[in-house]
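As structure tokens, the structure follows; a few thoughts come after it.
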Amino acid sequence: MSEQTTSGDDDLAGLDDAARRAITRTGKAPIRVIFVPGLGDRLPPLVHLQREALRTWRALGVRTTMFRVRWSSDASFQDRLDRLDEMIERYEQRGERVALMGASAGAGAVLAAYARRRSVVAVIIIAGKFLEPEDIIKPVLVRNAPFAQSLSTVPKLLEELGPDDRAKILSLRSARDGVVDDEDTLLEGAVNETMRVVGHVIAIGYALMFRARRVVRFLREAMTD
């Protein structure tokens with residue numbers, strides 16, 4: 001996907017002030033990464049730590065926003081997917097290039113959103129769980145209904161992603177997850193990379209803190225293909 005450039009002030013109409021200044025300065029629309037956490041999005045301390053990690057990405061020229069599915073709520077996966085799609089559209093209308101990043105259960109949400117909206121420039125999944133619902137114990141699925149729905153929805157949506165679409169997905173996984181089957185964190189046709197860490201939660205924190213440069217490089221490469 002070619003990078004968006006501008007040739008004059010008229011091209012900046014309809015953008016918010018921050019996006020307009022960024023384009024004027026660099027000639028490129030700013031990058032917005034929407035991060036979707038996993039089942040722990042109901043835990044304030046964990047959410048806080050993830051927000052703090054994402055704030056460091058601004059030094060790399062990337063804006064970040066967190067979208068919480070609220071997996072343990074009564075909302076349906078389809079409803080939350082609609083809300084995520086609305087958020088993507090708002091940022092795109094502001095003139096930003098939107099990428100999606102999902103951790104654990106959040107991987108299913110961003111993959112589904114990408115299948116629905118191909119204007120998303122790239123997708124990052126971290127220790128993703130988006131397949132094989134039979135591997136999850138029933139109490140977890142009952143307590144997190146949107147997650148159960150995602151595990152039955154996402155595999156069908158993935159069939160709509162061709163080779164070019166999958167090439168814009170980066171999957172980061174631990175050497176040994178311990179929570180999600182290691183095979184489930186792989187996505188055929190995507191760029192699958194194994195980090196030198198062990199553990200599910202550790203992999204997510206490590207990716208947010210120490211793989212930011214790799215992710216941003218992947219985003220920029222995806223936008224120039």
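Lettering and numbering for the structure tokens are positional, with chains as A, B, ... in the shown order, residues counted from 1 in each chain, and ligands counted from 1 in the shown order.
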Exercise for review: Please return as a PyMOL selection string: the residues of stretch 49-111 of chain A that backbone DSSP assigns to strand (DSSP E).
Suggested key: chain A and resi 62-66+97-103
Give me the residues near stretch 40-51 of chain A as a CSV table (one decimal) with all heavy atoms, in the first residue's frame, where near means some atom within 10 Å (using only C-alpha atoms) and where sequence neighbours in that chain fewer than 5 positions away do not count.
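Output saved as part.csv:
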chain,number,residue,atom,x,y,z
A,35,PHE,N,-4.9,-0.6,20.0
A,35,PHE,CA,-4.5,-1.8,20.7
A,35,PHE,C,-5.7,-2.4,21.4
A,35,PHE,O,-6.4,-1.7,22.2
A,35,PHE,CB,-3.4,-1.5,21.7
A,35,PHE,CG,-3.0,-2.7,22.6
A,35,PHE,CD1,-2.4,-3.8,22.1
A,35,PHE,CD2,-3.3,-2.7,24.0
A,35,PHE,CE1,-2.1,-4.9,22.9
A,35,PHE,CE2,-3.0,-3.8,24.8
A,35,PHE,CZ,-2.4,-4.9,24.3
A,56,THR,N,5.1,5.0,25.4
A,56,THR,CA,6.4,5.1,24.9
A,56,THR,C,6.6,5.0,23.4
A,56,THR,O,7.6,5.4,22.8
A,56,THR,CB,7.3,4.0,25.5
A,56,THR,OG1,6.9,2.7,25.0
A,56,THR,CG2,7.2,4.0,27.0
A,64,THR,N,-1.1,5.9,19.8
A,64,THR,CA,-1.7,4.7,20.2
A,64,THR,C,-3.0,5.0,21.0
A,64,THR,O,-3.2,6.0,21.6
A,64,THR,CB,-0.8,3.9,21.1
A,64,THR,OG1,-0.5,4.6,22.3
A,64,THR,CG2,0.5,3.5,20.4
A,65,THR,N,-4.0,4.1,20.8
A,65,THR,CA,-5.2,4.1,21.5
A,65,THR,C,-5.6,2.7,21.9
A,65,THR,O,-5.3,1.8,21.2
A,65,THR,CB,-6.3,4.7,20.6
A,65,THR,OG1,-6.0,6.0,20.2
A,65,THR,CG2,-7.7,4.7,21.3
A,66,MET,N,-6.2,2.6,23.1
A,66,MET,CA,-6.6,1.3,23.6
A,66,MET,C,-8.1,1.1,23.4
A,66,MET,O,-8.9,2.0,23.7
A,66,MET,CB,-6.3,1.0,25.0
A,66,MET,CG,-6.7,-0.3,25.6
A,66,MET,SD,-6.3,-0.6,27.3
A,66,MET,CE,-4.5,-0.8,27.2
A,67,PHE,N,-8.5,0.0,22.8
A,67,PHE,CA,-10.0,-0.4,22.7
A,67,PHE,C,-10.2,-1.6,23.5
A,67,PHE,O,-9.6,-2.7,23.2
A,67,PHE,CB,-10.3,-0.6,21.2
A,67,PHE,CG,-11.8,-1.0,21.1
A,67,PHE,CD1,-12.8,-0.1,21.0
A,67,PHE,CD2,-12.1,-2.4,21.0
A,67,PHE,CE1,-14.1,-0.5,20.8
A,67,PHE,CE2,-13.4,-2.8,20.9
A,67,PHE,CZ,-14.4,-1.8,20.8
A,68,ARG,N,-11.0,-1.5,24.6
A,68,ARG,CA,-11.3,-2.7,25.4
A,68,ARG,C,-12.7,-3.3,24.9
A,68,ARG,O,-13.7,-2.7,24.9
A,68,ARG,CB,-11.4,-2.2,26.8
A,68,ARG,CG,-10.1,-1.9,27.5
A,68,ARG,CD,-10.2,-1.9,29.0
A,68,ARG,NE,-10.7,-0.6,29.4
A,68,ARG,CZ,-11.0,-0.3,30.7
A,68,ARG,NH1,-10.8,-1.3,31.6
A,68,ARG,NH2,-11.4,0.8,31.1
A,69,VAL,N,-12.6,-4.6,24.6
A,69,VAL,CA,-13.8,-5.3,24.2
A,69,VAL,C,-14.7,-5.5,25.4
A,69,VAL,O,-15.9,-5.5,25.3
A,69,VAL,CB,-13.4,-6.7,23.6
A,69,VAL,CG1,-14.6,-7.5,23.4
A,69,VAL,CG2,-12.6,-6.5,22.3
A,70,ARG,N,-14.1,-5.6,26.6
A,70,ARG,CA,-14.8,-5.9,27.8
A,70,ARG,C,-15.4,-7.3,27.7
A,70,ARG,O,-16.6,-7.5,27.6
A,70,ARG,CB,-15.8,-4.9,28.2
A,70,ARG,CG,-15.2,-3.5,28.4
A,70,ARG,CD,-16.2,-2.5,28.8
A,70,ARG,NE,-15.7,-1.1,28.9
A,70,ARG,CZ,-14.9,-0.6,29.9
A,70,ARG,NH1,-14.6,-1.4,30.9
A,70,ARG,NH2,-14.4,0.6,29.8
A,71,TRP,N,-14.4,-8.3,27.6
A,71,TRP,CA,-14.8,-9.7,27.3
A,71,TRP,C,-15.8,-10.3,28.3
A,71,TRP,O,-16.5,-11.2,27.9
A,71,TRP,CB,-13.5,-10.5,27.3
A,71,TRP,CG,-12.5,-10.0,26.2
A,71,TRP,CD1,-11.4,-9.3,26.4
A,71,TRP,CD2,-12.6,-10.3,24.8
A,71,TRP,NE1,-10.7,-9.1,25.2
A,71,TRP,CE2,-11.5,-9.7,24.2
A,71,TRP,CE3,-13.5,-11.0,24.0
A,71,TRP,CZ2,-11.2,-9.8,22.8
A,71,TRP,CZ3,-13.2,-11.1,22.6
A,71,TRP,CH2,-12.1,-10.5,22.1
A,72,SER,N,-15.8,-9.8,29.5
A,72,SER,CA,-16.7,-10.4,30.5
A,72,SER,C,-18.0,-9.7,30.6
A,72,SER,O,-18.8,-10.0,31.5
A,72,SER,CB,-16.0,-10.4,31.9
A,72,SER,OG,-15.6,-9.1,32.3
A,73,SER,N,-18.3,-8.8,29.7
A,73,SER,CA,-19.6,-8.1,29.7
A,73,SER,C,-20.6,-8.9,29.0
A,73,SER,O,-20.4,-10.0,28.4
A,73,SER,CB,-19.4,-6.7,29.0
A,73,SER,OG,-19.2,-6.9,27.6
A,103,ALA,N,-3.7,-8.5,21.6
A,103,ALA,CA,-3.0,-9.4,22.4
A,103,ALA,C,-3.9,-10.5,22.9
A,103,ALA,O,-5.0,-10.2,23.3
A,103,ALA,CB,-2.3,-8.8,23.6
A,104,SER,N,-3.5,-11.8,22.8
A,104,SER,CA,-4.2,-12.9,23.3
A,104,SER,C,-5.6,-12.9,22.7
A,104,SER,O,-5.7,-13.0,21.5
A,104,SER,CB,-4.3,-12.8,24.9
A,104,SER,OG,-4.8,-14.0,25.4
A,105,ALA,N,-6.7,-12.8,23.4
A,105,ALA,CA,-8.0,-12.8,22.9
A,105,ALA,C,-8.3,-11.7,22.0
A,105,ALA,O,-9.0,-11.7,21.0
A,105,ALA,CB,-9.1,-12.8,24.0
A,106,GLY,N,-7.5,-10.6,22.2
A,106,GLY,CA,-7.7,-9.4,21.4
A,106,GLY,C,-7.2,-9.6,19.9
A,106,GLY,O,-7.6,-8.9,19.0
A,201,VAL,N,1.7,-14.0,29.5
A,201,VAL,CA,1.7,-12.6,29.9
A,201,VAL,C,3.0,-11.9,29.7
A,201,VAL,O,3.1,-10.8,29.2
A,201,VAL,CB,1.3,-12.5,31.4
A,201,VAL,CG1,1.3,-11.1,31.9
A,201,VAL,CG2,-0.1,-13.1,31.6
A,204,ILE,N,3.4,-10.8,26.1
A,204,ILE,CA,2.6,-9.6,25.8
A,204,ILE,C,3.4,-8.3,26.3
A,204,ILE,O,3.6,-7.3,25.5
A,204,ILE,CB,1.2,-9.6,26.4
A,204,ILE,CG1,0.4,-10.8,25.7
A,204,ILE,CG2,0.5,-8.3,26.2
A,204,ILE,CD1,-0.9,-11.1,26.4
A,205,GLY,N,3.8,-8.4,27.5
A,205,GLY,CA,4.6,-7.2,28.1
A,205,GLY,C,5.9,-7.0,27.3
A,205,GLY,O,6.2,-5.8,27.0
A,208,LEU,N,5.2,-5.3,23.9
A,208,LEU,CA,4.8,-3.9,24.0
A,208,LEU,C,6.0,-3.0,24.4
A,208,LEU,O,6.1,-1.9,24.0
A,208,LEU,CB,3.7,-3.7,25.1
A,208,LEU,CG,2.3,-4.3,24.7
A,208,LEU,CD1,1.3,-4.1,25.8
A,208,LEU,CD2,1.8,-3.8,23.4
A,209,MET,N,6.9,-3.5,25.2
A,209,MET,CA,8.0,-2.7,25.7
A,209,MET,C,9.3,-2.8,24.8
A,209,MET,O,9.9,-1.8,24.5
A,209,MET,CB,8.4,-3.2,27.1
A,209,MET,CG,7.4,-2.8,28.2
A,209,MET,SD,7.3,-1.0,28.4
A,209,MET,CE,9.0,-0.6,28.8
Please, which residues in stretch 115-151 of chain A fall within 12 Å of stretch 84-87 of chain A when counting only C-alpha atoms, and what is the closest atom pair and distance in Å to one decimal for each, ordered by chain then residue number, as a tab-separated table?
residue	atom	partner	partner_atom	distance
A:Ala115	CA	A:Asp85	CA	10.8
A:Arg116	CA	A:Asp85	CA	8.3
A:Arg117	CA	A:Asp85	CA	7.7
A:Arg118	CA	A:Asp85	CA	11.1
A:Ser119	CA	A:Asp85	CA	11.0
A:Val120	CA	A:Asp85	CA	10.2
Kindly export the residues of the current selection with all heavy atoms, as an mmCIF file, in the first residue's frame.
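Dumped everything to again_19.cif:
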data_model
loop_
_atom_site.group_PDB
_atom_site.id
_atom_site.type_symbol
_atom_site.label_atom_id
_atom_site.label_comp_id
_atom_site.auth_asym_id
_atom_site.auth_seq_id
_atom_site.Cartn_x
_atom_site.Cartn_y
_atom_site.Cartn_z
ATOM 1 N N ALA A 115 -10.535 -8.117 8.498
ATOM 2 C CA ALA A 115 -11.271 -8.798 7.430
ATOM 3 C C ALA A 115 -12.440 -7.957 6.946
ATOM 4 O O ALA A 115 -12.823 -8.023 5.770
ATOM 5 C CB ALA A 115 -11.763 -10.158 7.931
ATOM 6 N N ARG A 116 -13.002 -7.161 7.838
ATOM 7 C CA ARG A 116 -14.137 -6.305 7.482
ATOM 8 C C ARG A 116 -13.701 -5.007 6.824
ATOM 9 O O ARG A 116 -14.438 -4.435 6.024
ATOM 10 C CB ARG A 116 -14.943 -5.975 8.738
ATOM 11 C CG ARG A 116 -15.695 -7.149 9.307
ATOM 12 C CD ARG A 116 -16.351 -6.848 10.633
ATOM 13 N NE ARG A 116 -17.052 -5.575 10.675
ATOM 14 C CZ ARG A 116 -18.053 -5.305 11.503
ATOM 15 N NH1 ARG A 116 -18.477 -6.227 12.344
ATOM 16 N NH2 ARG A 116 -18.630 -4.139 11.500
ATOM 17 N N ARG A 117 -12.514 -4.511 7.175
ATOM 18 C CA ARG A 117 -12.086 -3.189 6.703
ATOM 19 C C ARG A 117 -10.630 -3.273 6.235
ATOM 20 O O ARG A 117 -9.693 -3.142 7.021
ATOM 21 C CB ARG A 117 -12.238 -2.158 7.825
ATOM 22 C CG ARG A 117 -11.879 -0.740 7.431
ATOM 23 C CD ARG A 117 -12.070 0.213 8.595
ATOM 24 N NE ARG A 117 -13.467 0.516 8.825
ATOM 25 C CZ ARG A 117 -14.096 1.578 8.317
ATOM 26 N NH1 ARG A 117 -13.452 2.415 7.541
ATOM 27 N NH2 ARG A 117 -15.369 1.785 8.588
ATOM 28 N N ARG A 118 -10.440 -3.436 4.931
ATOM 29 C CA ARG A 118 -9.089 -3.628 4.398
ATOM 30 C C ARG A 118 -8.303 -2.319 4.294
ATOM 31 O O ARG A 118 -7.136 -2.332 3.878
ATOM 32 C CB ARG A 118 -9.148 -4.284 3.020
ATOM 33 C CG ARG A 118 -9.895 -5.598 2.996
ATOM 34 C CD ARG A 118 -9.287 -6.646 3.936
ATOM 35 N NE ARG A 118 -10.176 -7.785 4.074
ATOM 36 C CZ ARG A 118 -10.339 -8.726 3.162
ATOM 37 N NH1 ARG A 118 -9.659 -8.670 2.040
ATOM 38 N NH2 ARG A 118 -11.180 -9.712 3.372
ATOM 39 N N SER A 119 -8.917 -1.202 4.646
ATOM 40 C CA SER A 119 -8.164 0.046 4.665
ATOM 41 C C SER A 119 -7.175 0.079 5.822
ATOM 42 O O SER A 119 -6.269 0.918 5.856
ATOM 43 C CB SER A 119 -9.114 1.244 4.769
ATOM 44 O OG SER A 119 -9.929 1.142 5.923
ATOM 45 N N VAL A 120 -7.331 -0.828 6.784
ATOM 46 C CA VAL A 120 -6.356 -0.960 7.868
ATOM 47 C C VAL A 120 -5.010 -1.305 7.252
ATOM 48 O O VAL A 120 -4.909 -2.218 6.431
ATOM 49 C CB VAL A 120 -6.808 -2.057 8.860
ATOM 50 C CG1 VAL A 120 -5.688 -2.417 9.824
ATOM 51 C CG2 VAL A 120 -8.049 -1.607 9.620
#
Point to revise | Spatial neighbours of A:Leu158, 12 Å, only C-alpha atoms, chain gap at least 4 places, as a list in words | key: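 Counting only the stated atoms, we get Ala107, Gly108, Ala109, Val110, Leu111, Ala112, Ala113, Tyr114, Ala115, Arg116, Phe130, Leu131, Ser150, Leu151, Ser152, Thr153, Val154, Gly162, Pro163, Asp165, Arg166, Ile169, Leu187, Glu188, Gly189 and Ala190 of chain A.
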Study note, to complete from the structure: Min atom-atom distance to A:Gln78 from the set A:Ala145, A:Met195, A:Met223, A:Ala175, counting only C-alpha atoms, belongs to A:Ala145
Practice item. Apply DSSP to the structure's backbone, then extract all residues of stretch 102-190 of chain A labelled helix (DSSP H, G or I) and return them as JSON, numbers by chain. Key: {"A": [106, 107, 108, 109, 110, 111, 112, 113, 114, 115, 116, 133, 134, 135, 138, 139, 140, 141, 142, 143, 145, 146, 147, 148, 149, 150, 151, 152, 153, 154, 155, 156, 157, 158, 163, 164, 165, 166, 182, 183, 184, 185]}
Review point. Suppose you want the space between atom CA of A:Glu96 and atom CA of A:Arg214; what is it in Å?
Key: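 These atoms are spaced 20.4 Å apart.
The two atoms in question, atom CA of A:Arg97 and atom CA of A:Ile31, are spaced 4.8 Å apart.
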Point to revise | Separation of atom CA of A:Arg213 from atom CA of A:Leu60 in Å | key: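 We find that atom CA of A:Leu60 and atom CA of A:Arg213 lie 7.3 Å from each other.
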Exercise for review: Find, counting only C-alpha atoms, the residue in A:Ala127, A:Ala167, A:Val36, A:Leu141 that gets nearest to A:Arg80.
Suggested key: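 Of the candidates, the smallest distance to A:Arg80 is held by A:Val36.
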Exercise for review: Between A:Leu100, A:Gly95, A:Phe218, A:Leu39, single out the one closest to A:Phe147, counting only C-alpha atoms.
Suggested key: A:Leu39
